[in-house]
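**Student:** This is the structure, below, for whatever I ask next.
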Amino acid sequence: MTVLIAGCGDLGTEAGLRFAAAGFSVLGWRRSPEKLPKQITGSAVDLAGDLPRIPADTDVVVIAVAADQRTEEAYRAAYVTGTANVLDALERDGVEPRRILFVSSTAVYGDADGGEVDEETPARPASATGAVILEAEQLLHARRPDAVVLRLSGIYGPGRTRLIDSVSAGTAVVPAGTQLTNRIHRDDAAAAIVHLATRVSHPAPLYVGVDMEPVELAEVLGFLAAELGRELPPAGETSSSRGGNRRLSNRRLLGTGFEFAYPTYREGYRAVLAGAGVRHP
């Protein structure tokens with residue numbers, strides 16, 4: 001059977017490789033399909049435009065789009081228009097996949113003043129782009145109530161080294177106050193996509209994808225400084241975190257039997273520092 005990945009960037013490609021390893025035929029839609037590995041059949045597609053025909057044997061559709069700019073217009077084109085176009089193409093071609101999974105973001109939540117946030121927490125986006133992502137979720141569930149939404153927290157991993165680079169360069173700033181962060185390694189995010197698409201018979205409509213340990217940013221920076229043998233600058237004022245001050249919960253995802261390869265930032269960043277894995281172009 002075929003898995004269609006609509007939006008086959010770094011995360012989508014990693015998920016596609018895992019689907020292929022599980023025996024699926026994988027079709028990746030993206031603007032530059034020549035960059036895809038040989039295990040994924042690429043097709044040049046702009047999700048905001050006309051879409052090609054979808055193979056009749058498509059069993060799973062993963063919508064893993066990314067905006068090319070951090071503007072409301074770019075997010076609307078990618079998330080809302082792109083999702084609607086994929087659903088229209090499925091209807092046009094008479095294809096009814098067993099599972100549709102939409103990769104969303106915990107940006108749909110607002111600040112929780114350090115409190116716990118899970119799937120039952122009302123989504124109150126603090127940004128226009130977060131509101132657009134929530135709109136895309138709602139559009140999807142209105143048309144496919146059985147679809148699965150996976151809200152991912154901050155993704156890090158191979159090639160995603162902003163924090164590491166800031167510590168190495170001596171530009172990191174330790175927050176003077178509380179600044180909680182939530183993250184997930186790229187490989188665990190990809191594994192969660194495959195897990196929810198293929199190994200959970202009756203999934204919930206929504207999951208939060210985050211690792212086992214919400215943590216103060218200061219602690220993460222201190223850990224990286226120790227691993228790199230660098231000194232951290234004194235604490236200072238920083239701009240407020242885009243992630244909001246909250247502790248995301250992964251209890252629902254864990255309840256499906258999912259297991260993390262990198263349960264905390266320690267294992268994940270050590271793997272990144274050791275050069276494990278590659279970022280897919």
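Letters for chains follow the order of the structure tokens (A, B, ...), residue numbers begin at 1 for each chain, and ligand numbers begin at 1 in the order shown.
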Report the closest atom pair, with its distance in Å rounded to one decimal, for each residue of segment 93-122 of chain A that has an atom no farther than 12 Å from segment 142-145 of chain A; count only C-alpha atoms, sort by chain and then rising residue number, and write it as JSON lines.
**Tutor:**
```
{"residue": "A:Glu96", "atom": "CA", "partner": "A:Arg144", "partner_atom": "CA", "distance": 10.4}
{"residue": "A:Pro97", "atom": "CA", "partner": "A:Arg144", "partner_atom": "CA", "distance": 10.7}
{"residue": "A:Arg98", "atom": "CA", "partner": "A:Arg144", "partner_atom": "CA", "distance": 11.1}
{"residue": "A:Arg99", "atom": "CA", "partner": "A:Arg144", "partner_atom": "CA", "distance": 9.9}
{"residue": "A:Ile100", "atom": "CA", "partner": "A:Arg144", "partner_atom": "CA", "distance": 8.2}
{"residue": "A:Leu101", "atom": "CA", "partner": "A:Arg144", "partner_atom": "CA", "distance": 10.4}
{"residue": "A:Phe102", "atom": "CA", "partner": "A:Arg144", "partner_atom": "CA", "distance": 11.0}
```
**Student:** Compile the contact shell of Val272 of chain A as a compact mmCIF listing (two decimals) with N, CA, C and O atoms, in the first residue's frame: residues with an atom at most 12 Å away, counting only C-alpha atoms, same-chain residues fewer than 6 positions apart removed.
**Tutor:**
```txt
# COMPACT_ATOMS: atom_id res chain seq x y z
N TYR A 156 13.97 19.56 17.56
CA TYR A 156 15.41 19.72 17.43
C TYR A 156 15.96 18.42 16.89
O TYR A 156 15.25 17.41 16.77
N GLY A 157 17.23 18.41 16.51
CA GLY A 157 17.82 17.19 15.97
C GLY A 157 18.92 17.53 15.00
O GLY A 157 19.47 18.64 15.03
N PRO A 158 19.26 16.61 14.11
CA PRO A 158 20.35 16.85 13.16
C PRO A 158 20.11 18.14 12.36
O PRO A 158 19.05 18.33 11.77
N GLY A 159 21.10 19.03 12.37
CA GLY A 159 21.00 20.26 11.62
C GLY A 159 20.14 21.33 12.27
O GLY A 159 20.08 22.46 11.78
N ARG A 160 19.50 21.01 13.36
CA ARG A 160 18.67 21.98 14.08
C ARG A 160 19.41 22.33 15.38
O ARG A 160 19.08 21.84 16.45
N THR A 161 20.38 23.18 15.24
CA THR A 161 21.38 23.36 16.30
C THR A 161 21.44 24.80 16.81
O THR A 161 22.50 25.26 17.24
N ARG A 162 20.32 25.52 16.80
CA ARG A 162 20.32 26.92 17.20
C ARG A 162 20.88 27.10 18.61
O ARG A 162 21.74 27.96 18.85
N LEU A 163 20.38 26.30 19.56
CA LEU A 163 20.86 26.44 20.94
C LEU A 163 22.33 26.07 21.07
O LEU A 163 23.11 26.74 21.75
N ILE A 164 22.70 24.97 20.42
CA ILE A 164 24.10 24.54 20.47
C ILE A 164 25.00 25.64 19.91
O ILE A 164 26.05 25.98 20.49
N ASP A 165 24.59 26.21 18.79
CA ASP A 165 25.41 27.24 18.15
C ASP A 165 25.53 28.48 19.03
O ASP A 165 26.59 29.11 19.10
N HIS A 185 12.72 15.39 19.78
CA HIS A 185 13.74 15.12 18.76
C HIS A 185 13.05 14.80 17.44
O HIS A 185 12.00 14.15 17.41
N ARG A 186 13.65 15.26 16.34
CA ARG A 186 13.08 15.02 15.01
C ARG A 186 12.78 13.54 14.76
O ARG A 186 11.73 13.19 14.20
N ASP A 187 13.67 12.66 15.20
CA ASP A 187 13.46 11.24 14.95
C ASP A 187 12.27 10.69 15.74
O ASP A 187 11.53 9.84 15.25
N LEU A 224 24.23 22.05 27.87
CA LEU A 224 25.00 22.17 26.63
C LEU A 224 26.37 22.79 26.89
O LEU A 224 27.36 22.37 26.29
N GLU A 227 28.56 20.09 28.21
CA GLU A 227 28.93 19.12 27.18
C GLU A 227 29.97 19.70 26.22
O GLU A 227 30.83 18.98 25.72
N LEU A 228 29.87 21.00 25.96
CA LEU A 228 30.77 21.65 25.01
C LEU A 228 32.03 22.21 25.67
O LEU A 228 32.94 22.69 24.98
N TYR A 262 14.64 9.20 22.40
CA TYR A 262 15.31 10.28 23.12
C TYR A 262 14.31 10.88 24.12
O TYR A 262 13.66 11.89 23.83
N TYR A 265 15.97 15.90 26.68
CA TYR A 265 16.93 16.68 25.89
C TYR A 265 18.35 16.15 26.06
O TYR A 265 19.19 16.33 25.16
N ARG A 266 18.64 15.49 27.16
CA ARG A 266 20.02 15.02 27.40
C ARG A 266 20.42 13.99 26.35
O ARG A 266 21.47 14.11 25.70
N VAL A 278 21.18 12.82 9.99
CA VAL A 278 21.38 13.94 9.08
C VAL A 278 20.07 14.71 8.93
O VAL A 278 18.99 14.14 9.09
N ARG A 279 20.20 15.98 8.62
CA ARG A 279 19.00 16.76 8.29
C ARG A 279 18.74 16.59 6.80
O ARG A 279 19.64 16.81 5.97
```
**Student:** Counting only C-alpha atoms, which of A:Glu267, A:Ala192, A:Ala6, A:Thr198 gets nearest to Ala84 of chain A?
**Tutor:**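 Selected residue with least distance to Ala84 of chain A: A:Ala6.
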**Student:** Which residues in segment 53-202 of chain A does DSSP call strand (DSSP E or B)? List them as a ChimeraX atom specification.
**Tutor:** /A:58-63,99-105,116-117,148-152,154-157,160,174-175,180-181,183-185
**Student:** What does the file look like for those residues with N, CA, C and O atoms, as a compact mmCIF listing (two decimals), in the first residue's frame?
**Tutor:**
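To be explicit, this is the file written out as out.txt:
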```txt
# COMPACT_ATOMS: atom_id res chain seq x y z
N THR A 58 -3.69 4.31 -1.97
CA THR A 58 -3.16 5.12 -0.87
C THR A 58 -3.90 4.78 0.42
O THR A 58 -5.11 4.96 0.54
N ASP A 59 -3.14 4.29 1.39
CA ASP A 59 -3.71 3.83 2.67
C ASP A 59 -3.56 4.88 3.76
O ASP A 59 -4.38 4.97 4.66
N VAL A 60 -2.48 5.66 3.67
CA VAL A 60 -2.17 6.67 4.68
C VAL A 60 -1.80 7.96 3.99
O VAL A 60 -1.04 7.96 3.01
N VAL A 61 -2.33 9.07 4.49
CA VAL A 61 -1.93 10.40 4.03
C VAL A 61 -1.40 11.18 5.23
O VAL A 61 -2.09 11.29 6.25
N VAL A 62 -0.18 11.67 5.11
CA VAL A 62 0.42 12.52 6.14
C VAL A 62 0.55 13.92 5.56
O VAL A 62 1.18 14.11 4.51
N ILE A 63 -0.07 14.90 6.21
CA ILE A 63 0.04 16.29 5.79
C ILE A 63 1.04 16.95 6.73
O ILE A 63 0.76 17.16 7.91
N ARG A 99 -6.15 6.24 7.04
CA ARG A 99 -5.68 7.16 8.06
C ARG A 99 -5.18 8.45 7.40
O ARG A 99 -4.41 8.40 6.45
N ILE A 100 -5.64 9.56 7.92
CA ILE A 100 -5.08 10.87 7.57
C ILE A 100 -4.50 11.47 8.84
O ILE A 100 -5.18 11.56 9.86
N LEU A 101 -3.24 11.86 8.78
CA LEU A 101 -2.57 12.46 9.94
C LEU A 101 -2.04 13.83 9.55
O LEU A 101 -1.35 13.99 8.54
N PHE A 102 -2.39 14.81 10.35
CA PHE A 102 -1.98 16.19 10.12
C PHE A 102 -0.96 16.59 11.18
O PHE A 102 -1.22 16.48 12.39
N VAL A 103 0.21 17.04 10.72
CA VAL A 103 1.25 17.49 11.64
C VAL A 103 1.00 18.95 11.99
O VAL A 103 1.11 19.83 11.15
N SER A 104 0.64 19.18 13.25
CA SER A 104 0.32 20.51 13.73
C SER A 104 1.40 20.97 14.70
O SER A 104 2.51 20.42 14.73
N SER A 105 1.08 21.97 15.49
CA SER A 105 2.06 22.57 16.38
C SER A 105 1.42 22.96 17.70
O SER A 105 0.24 23.34 17.75
N GLU A 116 0.27 22.79 33.48
CA GLU A 116 0.29 21.67 32.54
C GLU A 116 -0.71 21.88 31.42
O GLU A 116 -1.81 22.39 31.63
N VAL A 117 -0.31 21.47 30.23
CA VAL A 117 -1.15 21.58 29.04
C VAL A 117 -1.22 20.21 28.39
O VAL A 117 -0.19 19.53 28.21
N VAL A 148 -6.34 12.31 12.36
CA VAL A 148 -5.52 12.44 13.57
C VAL A 148 -4.66 13.69 13.45
O VAL A 148 -4.00 13.91 12.43
N VAL A 149 -4.67 14.51 14.48
CA VAL A 149 -3.83 15.69 14.55
C VAL A 149 -2.74 15.44 15.59
O VAL A 149 -3.02 15.03 16.71
N LEU A 150 -1.49 15.67 15.19
CA LEU A 150 -0.35 15.53 16.09
C LEU A 150 0.28 16.90 16.28
O LEU A 150 0.91 17.44 15.37
N ARG A 151 0.08 17.47 17.46
CA ARG A 151 0.65 18.79 17.78
C ARG A 151 2.06 18.62 18.34
O ARG A 151 2.23 18.16 19.47
N LEU A 152 3.05 18.98 17.55
CA LEU A 152 4.43 18.81 17.96
C LEU A 152 4.96 20.06 18.66
O LEU A 152 4.66 21.18 18.27
N GLY A 154 8.64 22.03 20.18
CA GLY A 154 9.83 22.47 19.46
C GLY A 154 10.69 21.30 18.99
O GLY A 154 11.18 20.51 19.80
N ILE A 155 10.88 21.21 17.69
CA ILE A 155 11.64 20.10 17.12
C ILE A 155 13.12 20.46 17.08
O ILE A 155 13.50 21.55 16.64
N TYR A 156 13.97 19.56 17.56
CA TYR A 156 15.41 19.72 17.43
C TYR A 156 15.96 18.42 16.89
O TYR A 156 15.25 17.41 16.77
N GLY A 157 17.23 18.41 16.51
CA GLY A 157 17.82 17.19 15.97
C GLY A 157 18.92 17.53 15.00
O GLY A 157 19.47 18.64 15.03
N ARG A 160 19.50 21.01 13.36
CA ARG A 160 18.67 21.98 14.08
C ARG A 160 19.41 22.33 15.38
O ARG A 160 19.08 21.84 16.45
N VAL A 174 21.17 33.27 29.45
CA VAL A 174 20.41 32.50 30.43
C VAL A 174 19.29 33.39 30.97
O VAL A 174 19.55 34.49 31.45
N PRO A 175 18.04 32.94 30.85
CA PRO A 175 16.93 33.78 31.32
C PRO A 175 17.06 34.09 32.80
O PRO A 175 17.40 33.22 33.61
N LEU A 180 10.12 28.05 30.77
CA LEU A 180 9.98 26.64 30.47
C LEU A 180 10.06 26.39 28.97
O LEU A 180 9.57 27.19 28.17
N THR A 181 10.65 25.27 28.60
CA THR A 181 10.69 24.87 27.20
C THR A 181 10.22 23.43 27.07
O THR A 181 10.34 22.62 28.00
N ARG A 183 10.17 20.20 24.07
CA ARG A 183 10.79 19.84 22.79
C ARG A 183 10.59 18.37 22.48
O ARG A 183 10.16 17.57 23.32
N ILE A 184 10.92 18.02 21.22
CA ILE A 184 10.91 16.63 20.78
C ILE A 184 11.98 16.48 19.71
O ILE A 184 12.15 17.36 18.85
N HIS A 185 12.72 15.39 19.78
CA HIS A 185 13.74 15.12 18.76
C HIS A 185 13.05 14.80 17.44
O HIS A 185 12.00 14.15 17.41
```
**Student:** Tell me which protein, DNA and RNA residues are within 9 Å of Ala136 of chain A, counting only C-alpha atoms, leaving out same-chain ones fewer than 3 positions away, and put them as number ranges by chain.
**Tutor:** A: 76, 79-84, 104, 131-133, 139-141
**Student:** Would you work out the distance separating atom CA of Gly268 of chain A from atom CA of Val215 of chain A, expressed in Å to one decimal?
**Tutor:**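 Straight-line distance from atom CA of Gly268 of chain A to atom CA of Val215 of chain A works out to 13.7 Å.
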**Student:** Please identify which residues in segment 79-212 of chain A DSSP calls helix (DSSP H, G or I) from the backbone, and express them as a ChimeraX atom specification.
**Tutor:** /A:79-93,106-108,128-143,162-169,186-198
**Student:** What is the distance, in Å and to one decimal place, between atom CA of Val86 of chain A and atom CA of Glu34 of chain A?
**Tutor:**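 If I compute the distance from atom CA of Val86 of chain A to atom CA of Glu34 of chain A, I get 21.3 Å.
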**Student:** Would you list the contacts of Asn85 of chain A as number ranges by chain, taking every protein, DNA or RNA residue within 10 Å and counting only C-alpha atoms, but skipping same-chain residues closer than 4 positions in sequence?
**Tutor:** A: 47-51, 79-81, 89-91
**Student:** Could you tell me which of A:Arg31, A:Arg92, A:Arg251, A:His280 comes closest to Ser43 of chain A if we count only C-alpha atoms?
**Tutor:**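 Of A:Arg31, A:Arg92, A:Arg251, A:His280, the one nearest Ser43 of chain A is A:Arg31, counting only C-alpha atoms.
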**Student:** Separation of atom CA of Arg230 of chain A and atom CA of Arg246 of chain A, in Å?
**Tutor:**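 Atom CA of Arg246 of chain A lies at a distance of 28.4 Å from atom CA of Arg230 of chain A.
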**Student:** Would you kindly return, as JSON, numbers by chain, each protein, DNA or RNA residue with an atom no farther than 12 Å from any atom of Ala225 of chain A, considering only C-alpha atoms and excluding same-chain residues fewer than 4 positions away?
**Tutor:** {"A": [163, 164, 165, 166, 167, 168, 169, 170, 171, 172, 173, 174, 218, 219, 220, 221, 229, 230, 231, 232, 233, 269, 270, 273]}
**Student:** Tell me which of A:Gly28, A:Gly130, A:Pro33, A:Pro263 sits closest to Thr71 of chain A, counting only C-alpha atoms.
**Tutor:**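 With only C-alpha atoms as the atom set, the closest residue is A:Gly130.
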